[in-house]
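Here is the structure we will look at, set down as structure tokens.
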Amino acid sequence: MSTNIAVTEISNEAIYLPFLLSIRIGTRGKEDKIQLNTLTSKSKDAYLFTYEIQELKRFFFQIEGEFDGKVTFIWNNLYHFQQENLDDQQYIFTNENRKILIYEHGKTENAYPWRCGYYEFCIKYQEQRYFGMVKIIPKNLEYDQLEWMHENLNQQINGIMNDSQYFKKSSATLTQNGTMYFWPIIRFIEANEERLLVAIQQFKSKLKRKQKKEYELQRKVKKLDFTTLRWNLMHPAISNATNLTMQPVLLEENYIDEIKYAKNKVRKFILTIETLLAFVKYELVKDTKKMEQIDFQVQDIEKMMQNVVGNGSITEREKAKYRQSKLLKEMELDKLKISVTEKNRITSSLESLYEVYFREYTLGIFRITSDTHTSKYPTSPSKVFLNFIHSLSLFDKKVKEYGKKQMLLPVYKPTFLLYEYFVYFSICSIFLKMGFNNPNDPLDEQILMHIKDDELMDGANVKLENKDWVIDLVYNEIIEGSPQVSLLKGTNFFSGEESKKPDIRLDFYKKKSAEFAGSIIFEIKYSPMFNIFQPVGNTKAMEQMYKYWGLKYVERVNGKLSYVRKPIQEVICLYPGSNVHRKVLEAGCGTYIQFYPKKKGEDHYELIGEKELLEIINRTIVNLL
């Protein structure tokens with residue numbers, strides 16, 4: 001076997017290196033090997049040299065062969081949006097250190113850092129750089145199924161498949177991301193705020209002006225010069241007229257083409273800032289309301305704990321549930337406080353920048369030209385103009401350079417979370433097909449109220465109805481450990497054991513009486529069937545499903561507590577699919593249904609499991625009558 005690695009450019013000019021690189025994937029000591037036989041010296045062509053790795057699998061890079069000095073390996077790191085240091089992760093291959101671990105659960109920095117998608121790597125050797133890509137593919141779905149899920153999620157809420165917390169450097173030709181993403185724009189503007197302020201001040205104060213002297217016939221004699229006297233001598237009609245003479249007039253010539261062109265750029269920039277401000281303020285209002293709500297809940301739990309803690313008749317386990325509930329709420333409150341503080345800071349920063357530009361646009365140097373003036377690029381632009389336009393155009397240029405240069409782009413959320421979102425929206429869609437709707441509060445608007453930083457918040461719910469029923473479809477809402485706490489929160493459900501968070505809860509209410517009728521619990525598992533079901537013994541998923549049958553419902557009717565002690569009608573586990581199990585499998589803990597998109601034709605997908613799920617929902621409705 002050759003120990004050379006061929007590094008090929010698009011021009012088909014081959015370059016050979018004295019070592020061989022490979023990716024080792026899987027369990028320690030039993031790794032599969034992928035040889036990196038071909039790379040490229042052009043970053044923009046890295047996607048042509050892509051090597052696939054399944055998500056969640058341990059993998060590392062290894063070097064074989066002899067080489068002089070060192071080989072630098074640069075891996076496409078993931079970045080948090082608040083992180084200032086955006087350098088890629090660099091490692092050094094030496095003859096003594098021949099392995100670089102990229103991901104192993106529990107050992108690398110993050111438990112699940114590598115989302116499905118493309119990640120670039122670079123090999124630097126003897127001052128030359130060579131590029132390739134790793135494609136992380138889903139474990140329990142085909143890649144085209146995942147892309148179809150992405151498309152469907154974006155149709156519901158644009159951007160929800162992206163993670164506002166993390167970014168990576170990637171080629172836009174791979175992501176096809178043609179839409180603006182708010183948080184990266186905000187961070188970019190923040191990083192360049194001082195430059196943008198300096199640029200407009202320079203353009204305002206140092207714009208070159210020339211004075212041009214012209215002559216006009218005027219009645220009042222203000223000033224005489226040689227040209228005025230010459231006109232009077234050459235034209236007796238002027239000199240004989242009363243107070244009529246040619247007067248010099250100084251006209252100020254402002255580089256009007258520069259101002260016209262710059263005004264259009266400023267207008268677009270102001271509109272962008274307005275959009276960003278509206279977005280941040282909308283998110284701020286949601287965070288503030290949520291923070292106030294949770295703050296009240298913490299205070300109520302504290303009052304209840306004062307009665308519980310000193311009561312010797314109450315078990316320590318029950319007291320611990322109250323302490324745990326308070327702790328969880330305080331943790332959520334702390335996160336929201338940080339988020340509110342950060343969004344207040346961003347709002348203040350954007351408003352300051354907006355005020356400067358809007359004032360100049362309406363009252364300053366740009367007021368002399370109207371918005372309707374056509375703009376053309378000046379023939380002899382000044383330096384301050386060039387600097388100003390360059391500062392305004394930085395982000396536009398980055399967008400236009402997608403596919404040509406690398407830039408910071410949001411990464412996809414973990415596949416298990418995207419699968420949860422997909423199932424939630426799919427169940428919403430099933431009820432729309434069944435004729436449920438909400439004429440006073442459309443589904444899209446309901447969902448938007450529960451989206452924060454492109455994430456579906458815990459406790460998100462939508463309400464739909466038909467002539468007989470009202471349903472609540474609730475996402476990831478915590479089930480409290482006592483009826484008192486659940487009543488304080490207005491969630492109604494409680495458990496006699498520790499707090500739980502069913503992935504999706506479907507509640508039915510009779511429309512005429514508004515009476516609660518029953519619920520279905522959906523447990524969403526992005527896992528192979530043998531991990532979530534065994535015919536003998538219980539898996540963790542099965543234990544969880546058994547516990548859901550013990551949930552209780554409480555409400556206050558005419559001042560008295562009213563309980564529904566068996567509210568759960570069905571517990572259903574939805575998972576991506578299995579080649580060896582039936583589509584629907586009944587077990588003691590509940591029903592397992594395969595639920596995933598399957599390609600039917602070139603561009604058409606069928607949702608496997610939708611029909612079976614619909615049958616169970618209809619059967620439940622009949623039983624609740």
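Residue names in the structure tokens use chain letters A, B, ... in the order shown, residue numbers from 1 in each chain, and ligand numbers from 1 in the order shown.
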Within 10 Å of segment 543-560 of chain A, which residues of segment 488-518 of chain A show up? Give each one with its shortest atom-to-atom distance in Å (one decimal) and the two atoms involved, counting only C-alpha atoms, rows by chain then rising residue number, as JSON lines.
{"residue": "A:Gly490", "atom": "CA", "partner": "A:Glu555", "partner_atom": "CA", "distance": 8.7}
{"residue": "A:Thr491", "atom": "CA", "partner": "A:Val554", "partner_atom": "CA", "distance": 8.9}
{"residue": "A:Asn492", "atom": "CA", "partner": "A:Val554", "partner_atom": "CA", "distance": 5.1}
{"residue": "A:Phe493", "atom": "CA", "partner": "A:Tyr553", "partner_atom": "CA", "distance": 4.6}
{"residue": "A:Phe494", "atom": "CA", "partner": "A:Lys552", "partner_atom": "CA", "distance": 5.4}
{"residue": "A:Ser495", "atom": "CA", "partner": "A:Leu551", "partner_atom": "CA", "distance": 5.0}
{"residue": "A:Gly496", "atom": "CA", "partner": "A:Leu551", "partner_atom": "CA", "distance": 7.6}
{"residue": "A:Glu497", "atom": "CA", "partner": "A:Lys547", "partner_atom": "CA", "distance": 8.7}
{"residue": "A:Lys500", "atom": "CA", "partner": "A:Tyr548", "partner_atom": "CA", "distance": 8.6}
{"residue": "A:Lys501", "atom": "CA", "partner": "A:Tyr548", "partner_atom": "CA", "distance": 9.7}
{"residue": "A:Pro502", "atom": "CA", "partner": "A:Tyr548", "partner_atom": "CA", "distance": 7.9}
{"residue": "A:Phe516", "atom": "CA", "partner": "A:Tyr553", "partner_atom": "CA", "distance": 8.9}
{"residue": "A:Gly518", "atom": "CA", "partner": "A:Tyr553", "partner_atom": "CA", "distance": 9.1}
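Between atom CA of Tyr118 of chain A and atom CA of Lys135 of chain A there is a distance of 4.5 Å.
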Residues near Leu464 of chain A, cut-off 9 Å, only C-alpha atoms, skip fewer than 2 positions along chain, as a PyMOL selection string = chain A and resi 428+431-432+436-439+441-443+462+466+469-473
Would you mind exporting N, CA, C and O atoms of the selected residues as a PDB file, in the first residue's frame?
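The result, written out as out38.pdb:
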ATOM      1  N   CYS A 428     -49.564  18.418  14.732  1.00  0.00           N
ATOM      2  CA  CYS A 428     -50.374  19.619  14.437  1.00  0.00           C
ATOM      3  C   CYS A 428     -51.017  19.489  13.062  1.00  0.00           C
ATOM      4  O   CYS A 428     -52.212  19.768  12.880  1.00  0.00           O
ATOM      5  N   PHE A 431     -54.040  17.113  12.858  1.00  0.00           N
ATOM      6  CA  PHE A 431     -55.303  17.679  13.347  1.00  0.00           C
ATOM      7  C   PHE A 431     -55.871  18.702  12.369  1.00  0.00           C
ATOM      8  O   PHE A 431     -57.094  18.836  12.254  1.00  0.00           O
ATOM      9  N   LEU A 432     -55.011  19.423  11.664  1.00  0.00           N
ATOM     10  CA  LEU A 432     -55.514  20.331  10.628  1.00  0.00           C
ATOM     11  C   LEU A 432     -56.224  19.529   9.539  1.00  0.00           C
ATOM     12  O   LEU A 432     -57.274  19.933   9.032  1.00  0.00           O
ATOM     13  N   PHE A 436     -59.636  20.346  12.391  1.00  0.00           N
ATOM     14  CA  PHE A 436     -59.455  21.225  13.546  1.00  0.00           C
ATOM     15  C   PHE A 436     -58.794  22.526  13.091  1.00  0.00           C
ATOM     16  O   PHE A 436     -57.953  22.524  12.187  1.00  0.00           O
ATOM     17  N   ASN A 437     -59.157  23.635  13.713  1.00  0.00           N
ATOM     18  CA  ASN A 437     -58.505  24.910  13.427  1.00  0.00           C
ATOM     19  C   ASN A 437     -58.720  25.848  14.604  1.00  0.00           C
ATOM     20  O   ASN A 437     -59.283  25.467  15.627  1.00  0.00           O
ATOM     21  N   ASN A 438     -58.261  27.080  14.451  1.00  0.00           N
ATOM     22  CA  ASN A 438     -58.499  28.111  15.465  1.00  0.00           C
ATOM     23  C   ASN A 438     -58.656  29.431  14.724  1.00  0.00           C
ATOM     24  O   ASN A 438     -57.673  30.121  14.442  1.00  0.00           O
ATOM     25  N   PRO A 439     -59.893  29.801  14.374  1.00  0.00           N
ATOM     26  CA  PRO A 439     -60.110  30.997  13.548  1.00  0.00           C
ATOM     27  C   PRO A 439     -59.658  32.284  14.229  1.00  0.00           C
ATOM     28  O   PRO A 439     -59.301  33.246  13.558  1.00  0.00           O
ATOM     29  N   ASP A 441     -57.102  32.518  16.418  1.00  0.00           N
ATOM     30  CA  ASP A 441     -55.664  32.511  16.720  1.00  0.00           C
ATOM     31  C   ASP A 441     -55.001  31.469  15.830  1.00  0.00           C
ATOM     32  O   ASP A 441     -54.854  30.312  16.218  1.00  0.00           O
ATOM     33  N   PRO A 442     -54.593  31.844  14.609  1.00  0.00           N
ATOM     34  CA  PRO A 442     -54.041  30.880  13.657  1.00  0.00           C
ATOM     35  C   PRO A 442     -52.857  30.101  14.241  1.00  0.00           C
ATOM     36  O   PRO A 442     -52.125  30.597  15.107  1.00  0.00           O
ATOM     37  N   LEU A 443     -52.682  28.882  13.753  1.00  0.00           N
ATOM     38  CA  LEU A 443     -51.662  27.987  14.272  1.00  0.00           C
ATOM     39  C   LEU A 443     -50.269  28.607  14.218  1.00  0.00           C
ATOM     40  O   LEU A 443     -49.515  28.551  15.198  1.00  0.00           O
ATOM     41  N   VAL A 462     -50.297  24.646  21.542  1.00  0.00           N
ATOM     42  CA  VAL A 462     -51.222  25.208  20.562  1.00  0.00           C
ATOM     43  C   VAL A 462     -52.616  24.686  20.879  1.00  0.00           C
ATOM     44  O   VAL A 462     -52.778  23.577  21.404  1.00  0.00           O
ATOM     45  N   ASN A 466     -62.717  21.788  16.868  1.00  0.00           N
ATOM     46  CA  ASN A 466     -63.752  21.546  15.867  1.00  0.00           C
ATOM     47  C   ASN A 466     -65.109  21.714  16.555  1.00  0.00           C
ATOM     48  O   ASN A 466     -65.184  22.279  17.645  1.00  0.00           O
ATOM     49  N   TRP A 469     -64.818  19.291  19.940  1.00  0.00           N
ATOM     50  CA  TRP A 469     -63.658  19.184  20.816  1.00  0.00           C
ATOM     51  C   TRP A 469     -62.752  20.412  20.743  1.00  0.00           C
ATOM     52  O   TRP A 469     -62.654  21.064  19.703  1.00  0.00           O
ATOM     53  N   VAL A 470     -62.052  20.669  21.855  1.00  0.00           N
ATOM     54  CA  VAL A 470     -60.925  21.594  21.904  1.00  0.00           C
ATOM     55  C   VAL A 470     -59.707  20.783  22.338  1.00  0.00           C
ATOM     56  O   VAL A 470     -59.786  20.015  23.317  1.00  0.00           O
ATOM     57  N   ILE A 471     -58.615  20.890  21.604  1.00  0.00           N
ATOM     58  CA  ILE A 471     -57.408  20.146  21.991  1.00  0.00           C
ATOM     59  C   ILE A 471     -56.277  21.120  22.327  1.00  0.00           C
ATOM     60  O   ILE A 471     -56.186  22.212  21.758  1.00  0.00           O
ATOM     61  N   ASP A 472     -55.447  20.722  23.281  1.00  0.00           N
ATOM     62  CA  ASP A 472     -54.192  21.403  23.580  1.00  0.00           C
ATOM     63  C   ASP A 472     -53.068  20.442  23.251  1.00  0.00           C
ATOM     64  O   ASP A 472     -53.062  19.297  23.745  1.00  0.00           O
ATOM     65  N   LEU A 473     -52.136  20.871  22.418  1.00  0.00           N
ATOM     66  CA  LEU A 473     -50.973  20.058  22.091  1.00  0.00           C
ATOM     67  C   LEU A 473     -49.767  20.716  22.766  1.00  0.00           C
ATOM     68  O   LEU A 473     -49.330  21.794  22.359  1.00  0.00           O
TER      69      LEU A 473
END
Distance query Met434 of chain A at most 9 Å, only C-alpha atoms, self and fewer than 4 positions along chain excluded, as a list in words | Ser429, Ile430, Asn466 and Leu614 of chain A
Quote the spacing between atom CA of Leu39 of chain A and atom CA of Phe73 of chain A in Å to one decimal place.
-> 13.3 Å
Residues at most 10 Å from Gln35 of chain A, counting only C-alpha atoms, excluding those fewer than 6 positions away in the same chain, as a count of residues only?
-> 9
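Atom pair atom CA of Lys566 of chain A / atom CA of Val622 of chain A has a distance of 17.1 Å (rounded to one decimal).
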A:Ser43, A:Gln155, A:Gln306, A:Gln202 ranked by distance to Phe385 of chain A, top pick (using only C-alpha atoms) | A:Gln202
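Nearest-residue note for Pro483 of chain A: choosing from A:Ala199, A:Ile137, A:Leu561, A:Leu17, the minimum distance belongs to A:Leu561, counting only C-alpha atoms.
Counting only C-alpha atoms, segment 604-606 of chain A has the following residues at most 12 Å away, ignoring those fewer than 3 positions along the same chain: Asp144, Gln145, Leu146, Glu147, Trp148, Met149, Glu151, Asn152, Phe595, Tyr596, Pro597, Lys598, Lys599, Lys600, Gly601, Gly609, Glu610 and Lys611 of chain A.
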Limited to N, CA, C and O atoms, could you put the picked residues into a file as a short mmCIF file (atom, residue, chain, number, x, y, z; two decimals), in the first residue's frame?
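Result file out36.cif:
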data_model
loop_
_atom_site.label_atom_id
_atom_site.label_comp_id
_atom_site.auth_asym_id
_atom_site.auth_seq_id
_atom_site.Cartn_x
_atom_site.Cartn_y
_atom_site.Cartn_z
N ASP A 144 -31.26 12.20 2.98
CA ASP A 144 -32.32 12.88 2.24
C ASP A 144 -33.58 13.01 3.09
O ASP A 144 -34.34 13.98 2.96
N GLN A 145 -33.83 12.03 4.00
CA GLN A 145 -34.97 12.15 4.91
C GLN A 145 -34.76 13.31 5.88
O GLN A 145 -35.70 14.06 6.18
N LEU A 146 -33.53 13.45 6.37
CA LEU A 146 -33.23 14.55 7.27
C LEU A 146 -33.40 15.89 6.57
O LEU A 146 -33.96 16.84 7.14
N GLU A 147 -32.95 15.99 5.32
CA GLU A 147 -33.10 17.24 4.57
C GLU A 147 -34.58 17.55 4.32
O GLU A 147 -34.99 18.72 4.36
N TRP A 148 -35.38 16.52 4.08
CA TRP A 148 -36.82 16.74 3.90
C TRP A 148 -37.44 17.24 5.20
O TRP A 148 -38.30 18.12 5.18
N MET A 149 -37.01 16.69 6.33
CA MET A 149 -37.47 17.18 7.62
C MET A 149 -37.07 18.63 7.82
O MET A 149 -37.86 19.45 8.31
N GLU A 151 -36.60 20.88 5.52
CA GLU A 151 -37.46 21.70 4.66
C GLU A 151 -38.83 21.90 5.28
O GLU A 151 -39.38 23.01 5.29
N ASN A 152 -39.39 20.83 5.85
CA ASN A 152 -40.70 20.93 6.48
C ASN A 152 -40.67 21.81 7.72
O ASN A 152 -41.59 22.59 7.98
N PHE A 595 -42.38 6.19 12.83
CA PHE A 595 -42.85 7.48 12.33
C PHE A 595 -41.69 8.22 11.66
O PHE A 595 -40.78 8.72 12.32
N TYR A 596 -41.72 8.25 10.31
CA TYR A 596 -40.61 8.85 9.57
C TYR A 596 -41.03 9.09 8.12
O TYR A 596 -41.96 8.46 7.63
N PRO A 597 -40.35 9.99 7.42
CA PRO A 597 -40.67 10.23 6.01
C PRO A 597 -40.00 9.17 5.12
O PRO A 597 -38.85 8.79 5.35
N LYS A 598 -40.74 8.70 4.12
CA LYS A 598 -40.21 7.72 3.17
C LYS A 598 -40.41 8.25 1.76
O LYS A 598 -41.50 8.69 1.40
N LYS A 599 -39.36 8.19 0.98
CA LYS A 599 -39.39 8.76 -0.36
C LYS A 599 -40.27 7.92 -1.28
O LYS A 599 -40.14 6.70 -1.35
N LYS A 600 -41.18 8.62 -1.97
CA LYS A 600 -42.07 7.97 -2.94
C LYS A 600 -42.00 8.80 -4.23
O LYS A 600 -42.70 9.78 -4.38
N GLY A 601 -41.14 8.39 -5.14
CA GLY A 601 -40.97 9.19 -6.35
C GLY A 601 -39.83 10.19 -6.17
O GLY A 601 -39.12 10.20 -5.16
N GLY A 609 -46.44 5.91 9.37
CA GLY A 609 -46.96 5.96 10.72
C GLY A 609 -48.10 6.95 10.90
O GLY A 609 -48.80 6.91 11.92
N GLU A 610 -48.30 7.85 9.94
CA GLU A 610 -49.36 8.86 10.06
C GLU A 610 -50.74 8.19 10.10
O GLU A 610 -51.59 8.55 10.93
N LYS A 611 -50.96 7.22 9.23
CA LYS A 611 -52.25 6.55 9.17
C LYS A 611 -52.56 5.83 10.47
O LYS A 611 -53.66 5.92 11.02
#
For Leu56 of chain A, which residue out of A:Ser393, A:Thr347, A:Asn618, A:Thr415 is the nearest one, using only C-alpha atoms?
->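 For Leu56 of chain A, the nearest of the given residues is A:Thr415.
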